[in-house]
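J.: So I've got this file, input_13.txt, and it contains compact mmCIF, C-alpha atoms:
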# COMPACT_ATOMS: atom_id res chain seq x y z
CA MET A 1 -21.91 -24.64 2.78
CA THR A 2 -18.22 -23.87 3.01
CA THR A 3 -16.59 -22.16 0.12
CA THR A 4 -13.33 -23.80 -0.81
CA VAL A 5 -10.60 -22.52 -3.06
CA GLU A 6 -11.94 -24.88 -5.74
CA HIS A 7 -15.31 -23.18 -5.47
CA LEU A 8 -13.77 -19.77 -5.99
CA ASP A 9 -11.78 -21.13 -8.89
CA ALA A 10 -14.90 -22.48 -10.59
CA ALA A 11 -16.90 -19.39 -9.67
CA PHE A 12 -14.42 -17.07 -11.37
CA ALA A 13 -14.51 -19.21 -14.48
CA ALA A 14 -18.32 -19.24 -14.41
CA LEU A 15 -18.43 -15.45 -14.07
CA ALA A 16 -16.20 -14.98 -17.11
CA ASP A 17 -19.15 -15.60 -19.46
CA PRO A 18 -21.59 -12.74 -20.24
CA THR A 19 -24.64 -15.03 -20.57
CA ARG A 20 -23.97 -16.53 -17.16
CA ARG A 21 -23.54 -13.06 -15.67
CA ALA A 22 -26.91 -12.09 -17.15
CA ILE A 23 -28.49 -15.21 -15.65
CA LEU A 24 -27.04 -14.34 -12.24
CA THR A 25 -28.37 -10.81 -12.52
CA THR A 26 -31.85 -12.19 -13.08
CA LEU A 27 -31.49 -14.58 -10.15
CA ALA A 28 -30.32 -11.76 -7.89
CA ARG A 29 -33.90 -10.47 -8.18
CA GLY A 30 -35.38 -13.78 -7.15
CA ASP A 31 -35.54 -17.50 -7.97
CA ALA A 32 -36.46 -18.44 -11.54
CA THR A 33 -37.08 -21.51 -13.67
CA VAL A 34 -35.02 -22.54 -16.70
CA SER A 35 -37.64 -21.27 -19.15
CA GLU A 36 -37.90 -17.95 -17.33
CA LEU A 37 -34.12 -17.62 -17.49
CA ALA A 38 -34.03 -18.59 -21.17
CA ALA A 39 -36.68 -16.04 -22.18
CA PRO A 40 -34.37 -13.00 -22.64
CA PHE A 41 -31.92 -14.96 -24.78
CA SER A 42 -32.27 -16.32 -28.29
CA MET A 43 -30.98 -19.59 -26.96
CA SER A 44 -32.32 -23.12 -26.74
CA LEU A 45 -33.30 -24.57 -23.39
CA PRO A 46 -30.47 -27.13 -23.58
CA ALA A 47 -27.97 -24.30 -24.18
CA VAL A 48 -29.29 -22.42 -21.16
CA SER A 49 -29.27 -25.63 -19.13
CA LYS A 50 -25.61 -26.04 -19.97
CA HIS A 51 -24.85 -22.59 -18.56
CA LEU A 52 -26.91 -23.42 -15.47
CA LYS A 53 -24.92 -26.60 -15.00
CA VAL A 54 -21.66 -24.58 -14.99
CA LEU A 55 -23.16 -22.14 -12.49
CA GLU A 56 -24.43 -24.96 -10.29
CA THR A 57 -21.07 -26.76 -10.34
CA SER A 58 -19.36 -23.51 -9.36
CA GLY A 59 -21.66 -23.21 -6.35
CA LEU A 60 -22.98 -19.84 -7.50
CA ILE A 61 -26.49 -21.21 -7.85
CA SER A 62 -28.43 -24.14 -6.49
CA ARG A 63 -31.50 -25.87 -7.89
CA SER A 64 -34.42 -27.18 -5.94
CA ARG A 65 -34.76 -30.97 -6.04
CA SER A 66 -38.33 -30.98 -4.85
CA ALA A 67 -40.30 -28.51 -6.92
CA GLN A 68 -41.50 -29.71 -10.32
CA TYR A 69 -39.81 -26.89 -12.27
CA ARG A 70 -36.61 -26.99 -10.21
CA PRO A 71 -36.22 -23.22 -9.76
CA CYS A 72 -32.69 -21.80 -9.68
CA HIS A 73 -31.48 -19.95 -6.63
CA LEU A 74 -28.53 -17.55 -6.27
CA GLU A 75 -26.07 -18.64 -3.54
CA ARG A 76 -25.04 -15.42 -1.86
CA VAL A 77 -22.32 -17.01 0.28
CA VAL A 78 -20.18 -17.80 -2.76
CA LEU A 79 -20.78 -14.35 -4.17
CA ASP A 80 -19.75 -12.84 -0.84
CA ASP A 81 -16.53 -14.85 -0.87
CA ILE A 82 -15.70 -13.72 -4.37
CA GLY A 83 -16.33 -10.12 -3.41
CA GLU A 84 -14.17 -10.51 -0.31
CA TRP A 85 -11.34 -12.13 -2.24
CA ILE A 86 -11.31 -9.45 -4.90
CA GLU A 87 -11.58 -6.72 -2.29
CA GLN A 88 -8.53 -8.02 -0.42
CA HIS A 89 -6.52 -8.07 -3.60
CA ARG A 90 -7.83 -4.70 -4.72
CA ARG A 91 -6.80 -3.24 -1.38
CA LEU A 92 -3.28 -4.65 -1.68
CA TRP A 93 -2.65 -3.11 -5.11
CA ASN A 94 -4.24 0.11 -3.94
CA GLU A 95 -1.72 0.21 -1.09
CA ARG A 96 1.14 -0.57 -3.45
CA PHE A 97 0.14 2.21 -5.79
CA ASP A 98 -0.35 4.64 -2.90
CA LYS A 99 3.14 3.85 -1.66
CA LEU A 100 4.61 4.05 -5.16
CA ASP A 101 2.95 7.44 -5.56
CA GLU A 102 4.55 8.67 -2.32
CA HIS A 103 7.90 7.22 -3.33
CA LEU A 104 7.76 8.96 -6.72
CA GLN A 105 6.97 12.27 -4.99
CA ALA A 106 9.87 11.76 -2.61
CA ILE A 107 12.50 10.96 -5.22
CA GLN A 108 11.38 13.74 -7.53
CA GLY A 109 11.39 16.34 -4.79
CA SER A 110 8.24 17.67 -3.17
CA GLU A 111 7.58 20.73 -5.34
CA ASP A 112 4.50 19.09 -6.86
CA VAL A 113 2.84 18.24 -3.58
CA THR A 114 -0.56 19.90 -3.58
CA GLU A 115 -1.88 19.01 -0.15
CA MET T 1 -13.80 -30.52 -16.23
CA SER T 2 -12.84 -29.22 -19.62
CA ASP T 3 -15.81 -27.14 -20.67
CA PRO T 4 -14.45 -25.02 -23.53
CA ASP T 5 -16.81 -22.21 -22.48
CA VAL T 6 -15.00 -21.89 -19.19
CA VAL T 7 -12.25 -19.33 -19.43
CA ALA T 8 -10.34 -17.42 -16.81
CA ALA T 9 -11.51 -13.95 -15.99
CA ASP T 10 -9.08 -11.07 -16.22
CA LEU T 11 -8.70 -8.50 -13.48
CA GLU T 12 -7.64 -4.96 -14.23
CA TYR T 13 -6.32 -1.99 -12.36
CA SER T 14 -5.26 1.53 -13.39
CA ARG T 15 -3.54 4.45 -11.68
CA VAL T 16 -2.14 7.79 -12.83
CA PHE T 17 1.23 8.79 -11.37
CA ASP T 18 2.76 12.26 -11.39
CA ALA T 19 6.05 11.05 -12.85
CA PRO T 20 7.53 10.32 -16.28
CA ARG T 21 6.95 6.77 -17.45
CA GLU T 22 10.67 5.90 -17.61
CA LEU T 23 10.82 6.50 -13.88
CA VAL T 24 7.61 4.56 -13.14
CA PHE T 25 8.90 1.71 -15.27
CA ASP T 26 12.24 1.66 -13.47
CA CYS T 27 10.47 1.59 -10.09
CA LEU T 28 8.78 -1.67 -11.09
CA ILE T 29 12.02 -3.48 -11.93
CA THR T 30 14.51 -2.07 -9.41
CA PRO T 31 14.80 -3.57 -5.90
CA GLU T 32 15.90 -0.23 -4.39
CA HIS T 33 12.58 1.24 -5.62
CA LEU T 34 10.40 -1.87 -5.11
CA VAL T 35 11.35 -1.98 -1.43
CA HIS T 36 9.39 1.26 -0.96
CA PHE T 37 6.05 -0.02 -2.22
CA TRP T 38 5.98 -3.77 -2.91
CA ALA T 39 5.03 -4.96 0.57
CA PRO T 40 1.51 -4.29 1.82
CA ARG T 41 0.91 -2.44 5.09
CA GLY T 42 2.20 -4.32 8.11
CA SER T 43 4.94 -6.09 6.18
CA SER T 44 8.19 -5.46 4.37
CA ALA T 45 9.96 -6.72 1.25
CA PRO T 46 13.70 -6.67 2.03
CA VAL T 47 16.01 -5.78 -0.85
CA ALA T 48 18.36 -8.57 0.22
CA HIS T 49 15.74 -11.17 -0.70
CA MET T 50 14.74 -9.68 -4.06
CA ARG T 51 15.99 -11.07 -7.31
CA VAL T 52 15.09 -8.97 -10.32
CA ASP T 53 16.65 -9.71 -13.68
CA PRO T 54 14.76 -7.45 -16.12
CA ARG T 55 15.09 -9.27 -19.42
CA PRO T 56 12.86 -11.86 -21.11
CA GLY T 57 13.36 -15.11 -19.20
CA GLY T 58 14.89 -13.28 -16.24
CA VAL T 59 13.65 -13.93 -12.71
CA PHE T 60 11.43 -11.65 -10.62
CA GLU T 61 11.41 -12.97 -7.07
CA THR T 62 10.39 -11.26 -3.87
CA VAL T 63 9.92 -12.20 -0.23
CA ILE T 64 7.28 -10.38 1.81
CA VAL T 65 7.82 -10.57 5.58
CA SER T 66 5.02 -9.91 8.04
CA ASP T 67 5.95 -7.37 10.76
CA SER T 68 3.77 -9.04 13.38
CA ASP T 69 4.75 -12.71 13.22
CA GLY T 70 7.69 -12.82 10.80
CA SER T 71 5.85 -15.16 8.43
CA VAL T 72 7.07 -14.94 4.86
CA TYR T 73 5.34 -15.00 1.52
CA GLU T 74 7.45 -15.64 -1.56
CA THR T 75 6.68 -14.75 -5.15
CA HIS T 76 8.51 -16.48 -7.99
CA SER T 77 7.97 -15.00 -11.42
CA VAL T 78 9.74 -14.79 -14.75
CA PHE T 79 9.71 -11.78 -17.04
CA LEU T 80 8.18 -12.50 -20.43
CA GLU T 81 8.46 -9.02 -21.94
CA ILE T 82 10.55 -5.99 -21.10
CA ASP T 83 9.99 -3.00 -23.34
CA ARG T 84 11.05 0.12 -21.48
CA PRO T 85 9.23 2.40 -20.90
CA GLU T 86 5.97 0.96 -22.29
CA ARG T 87 5.37 -2.61 -21.42
CA LEU T 88 6.25 -5.14 -18.79
CA VAL T 89 4.95 -8.70 -18.55
CA TRP T 90 5.72 -11.30 -15.91
CA GLN T 91 4.39 -14.74 -15.14
CA GLU T 92 4.25 -16.74 -11.94
CA GLY T 93 6.03 -20.00 -12.50
CA HIS T 94 3.78 -22.46 -10.65
CA THR T 95 0.39 -20.84 -11.25
CA GLY T 96 0.64 -19.38 -14.75
CA MET T 97 -0.70 -16.11 -13.39
CA THR T 98 0.42 -13.45 -15.85
CA VAL T 99 0.60 -9.72 -15.18
CA PHE T 100 0.63 -7.24 -18.04
CA VAL T 101 1.70 -3.68 -17.25
CA THR T 102 1.25 -0.93 -19.84
CA LEU T 103 2.53 2.59 -19.24
CA THR T 104 1.05 5.50 -21.19
CA ALA T 105 2.56 8.99 -21.22
CA LEU T 106 -0.01 11.67 -20.39
CA SER T 107 0.31 15.45 -20.58
CA GLN T 108 2.25 17.37 -17.91
CA GLY T 109 4.70 14.53 -17.41
CA LYS T 110 2.16 12.16 -15.91
CA THR T 111 1.92 8.44 -16.56
CA ARG T 112 -1.02 6.07 -16.55
CA LEU T 113 -0.29 2.55 -15.38
CA ASP T 114 -2.70 -0.12 -16.62
CA LEU T 115 -2.28 -3.49 -15.01
CA ARG T 116 -4.07 -6.60 -16.22
CA GLN T 117 -3.87 -10.04 -14.69
CA THR T 118 -4.89 -13.21 -16.49
CA ASN T 119 -5.44 -16.70 -15.13
CA VAL T 120 -7.19 -15.31 -12.10
CA PRO T 121 -8.63 -18.66 -11.02
CA ALA T 122 -5.12 -20.01 -10.70
CA VAL T 123 -4.31 -17.19 -8.34
CA VAL T 124 -6.96 -18.17 -5.82
CA ARG T 125 -5.02 -21.36 -5.16
CA LEU T 126 -2.37 -19.21 -3.53
CA PRO T 127 -2.36 -17.87 0.01
CA ARG T 128 -4.05 -14.57 0.62
CA ASN T 129 -2.15 -11.29 0.72
CA ARG T 130 -0.93 -11.19 -2.79
CA ALA T 131 -1.68 -9.33 -5.94
CA GLY T 132 -5.09 -7.71 -6.19
CA PHE T 133 -6.87 -5.75 -8.80
CA LYS T 134 -9.87 -3.57 -9.19
CA THR T 135 -12.01 -5.17 -11.75
CA THR T 136 -15.22 -5.27 -13.62
CA LEU T 137 -15.86 -8.52 -11.74
CA ASP T 138 -15.47 -6.60 -8.51
CA LYS T 139 -18.18 -4.17 -9.58
CA PHE T 140 -20.34 -6.98 -10.87
CA ALA T 141 -20.14 -8.96 -7.63
CA ALA T 142 -20.98 -5.82 -5.63
CA TYR T 143 -23.85 -5.05 -8.00
CA LEU T 144 -25.32 -8.53 -7.64
CA LEU T 145 -24.99 -8.44 -3.88
CA ASN T 146 -26.78 -5.11 -3.73
CA LEU T 147 -29.55 -6.41 -5.94
CA SER T 148 -30.05 -9.50 -3.83
CA LYS T 149 -29.93 -7.53 -0.58
CA GLU T 150 -32.59 -5.17 -1.87
CA GLU T 151 -34.76 -8.13 -2.72
CA GLN T 152 -34.36 -9.53 0.77
CA LEU T 153 -35.59 -6.38 2.52
Is it possible to express this structure as structure tokens?
T.:
Amino acid sequence: MTTTVEHLDAAFAALADPTRRAILTTLARGDATVSELAAPFSMSLPAVSKHLKVLETSGLISRSRSAQYRPCHLERVVLDDIGEWIEQHRRLWNERFDKLDEHLQAIQGSEDVTE
Amino acid sequence: MSDPDVVAADLEYSRVFDAPRELVFDCLITPEHLVHFWAPRGSSAPVAHMRVDPRPGGVFETVIVSDSDGSVYETHSVFLEIDRPERLVWQEGHTGMTVFVTLTALSQGKTRLDLRQTNVPAVVRLPRNRAGFKTTLDKFAAYLLNLSKEEQL
């Protein structure tokens, strides 16, 4: 499956919710059914199903069509893409702040340099 | 889709600088300072192509030029808030991406810069090589990946 920009978009939105993050954490340990996922929450099955639908639409999880209980499965490819995207952006701001730090040292004189 | 539960995630980043916050603030809104740090490694952000009008409604535009192939990446933002030396907010016109910068004075003349970006999903529609932020999402994604890798072993 190819991860498109739309996938990332939906995945970020899906990750913004704490219940959905908790569901993903459970799925990171292995596939699970809706009732297994609902167990830790004081939440109805339909409410949990709604969260699962958001996660499925975002591509973060998939659900088996064959098995009777349709277990949910974490899609690592999408997670990898999110991690990669954030890492690229994190690196850029890191570089900017490194350079700003050097610039501030330079314009204030180098008396505070500790290296 | 208009699921009301679906909201944009915020990304956050912090750094402490050994400089007074007036100076850090001025670096963020002055082309002659920005030119020293705005462009990522392997590129430059020429002063000639910057437009920075630090007042609410004023423009904040930059052009980042790649050293290797000369390709350019433009940013077009508008300042929403300018409150020297504490707070700076700008918004990308076409994406709605909003960046909130808060500067806090620390002891010994140091300054903490806290940067928060909202409307993150809108940002992923843009080309790569733009703003990036360390984030709780970052840690969460890494955490999940580690968990799932452990399970696969």
J.: Rank T:Ser44, T:Gln117, T:Thr111, T:Ser14 by their smallest atom-to-atom distance to Val89 of chain T, using only C-alpha atoms, and report the top residue only.
T.: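 The answer is T:Gln117, which sits nearest to Val89 of chain T.
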J.: Once you count only C-alpha atoms, which residues of chain A turn out to be within 9 Å of chain T? Could you give them as a VMD selection string?
T.: chain A and resid 5 to 6 8 to 17 21 24 to 25 27 to 30 51 54 74 76 79 to 80 82 to 83 85 to 105 108 112
J.: State, in Å with one decimal place, the distance from atom CA of Pro46 of chain T to atom CA of Glu32 of chain T.
T.: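 Separation between atom CA of Pro46 of chain T and atom CA of Glu32 of chain T: 9.4 Å.
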J.: Using Å and a single decimal, report how far atom CA of Arg21 of chain T sits from atom CA of Arg84 of chain T.
T.: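 Separation between atom CA of Arg84 of chain T and atom CA of Arg21 of chain T: 8.8 Å.
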J.: Measure the distance from atom CA of Ala105 of chain T to atom CA of Ala106 of chain A in Å and round it to one decimal.
T.: 20.2 Å
J.: Restricting the calculation to only C-alpha atoms: of T:Phe79, T:Leu88, T:Arg112, T:Gly58, which residue gets closest to Phe100 of chain T?
T.: T:Leu88
J.: Quick one: of A:Glu75, A:Arg70, A:Asp31, A:Thr19, who's nearest to Met43 of chain A, counting all atoms listed in the file?
T.: A:Thr19
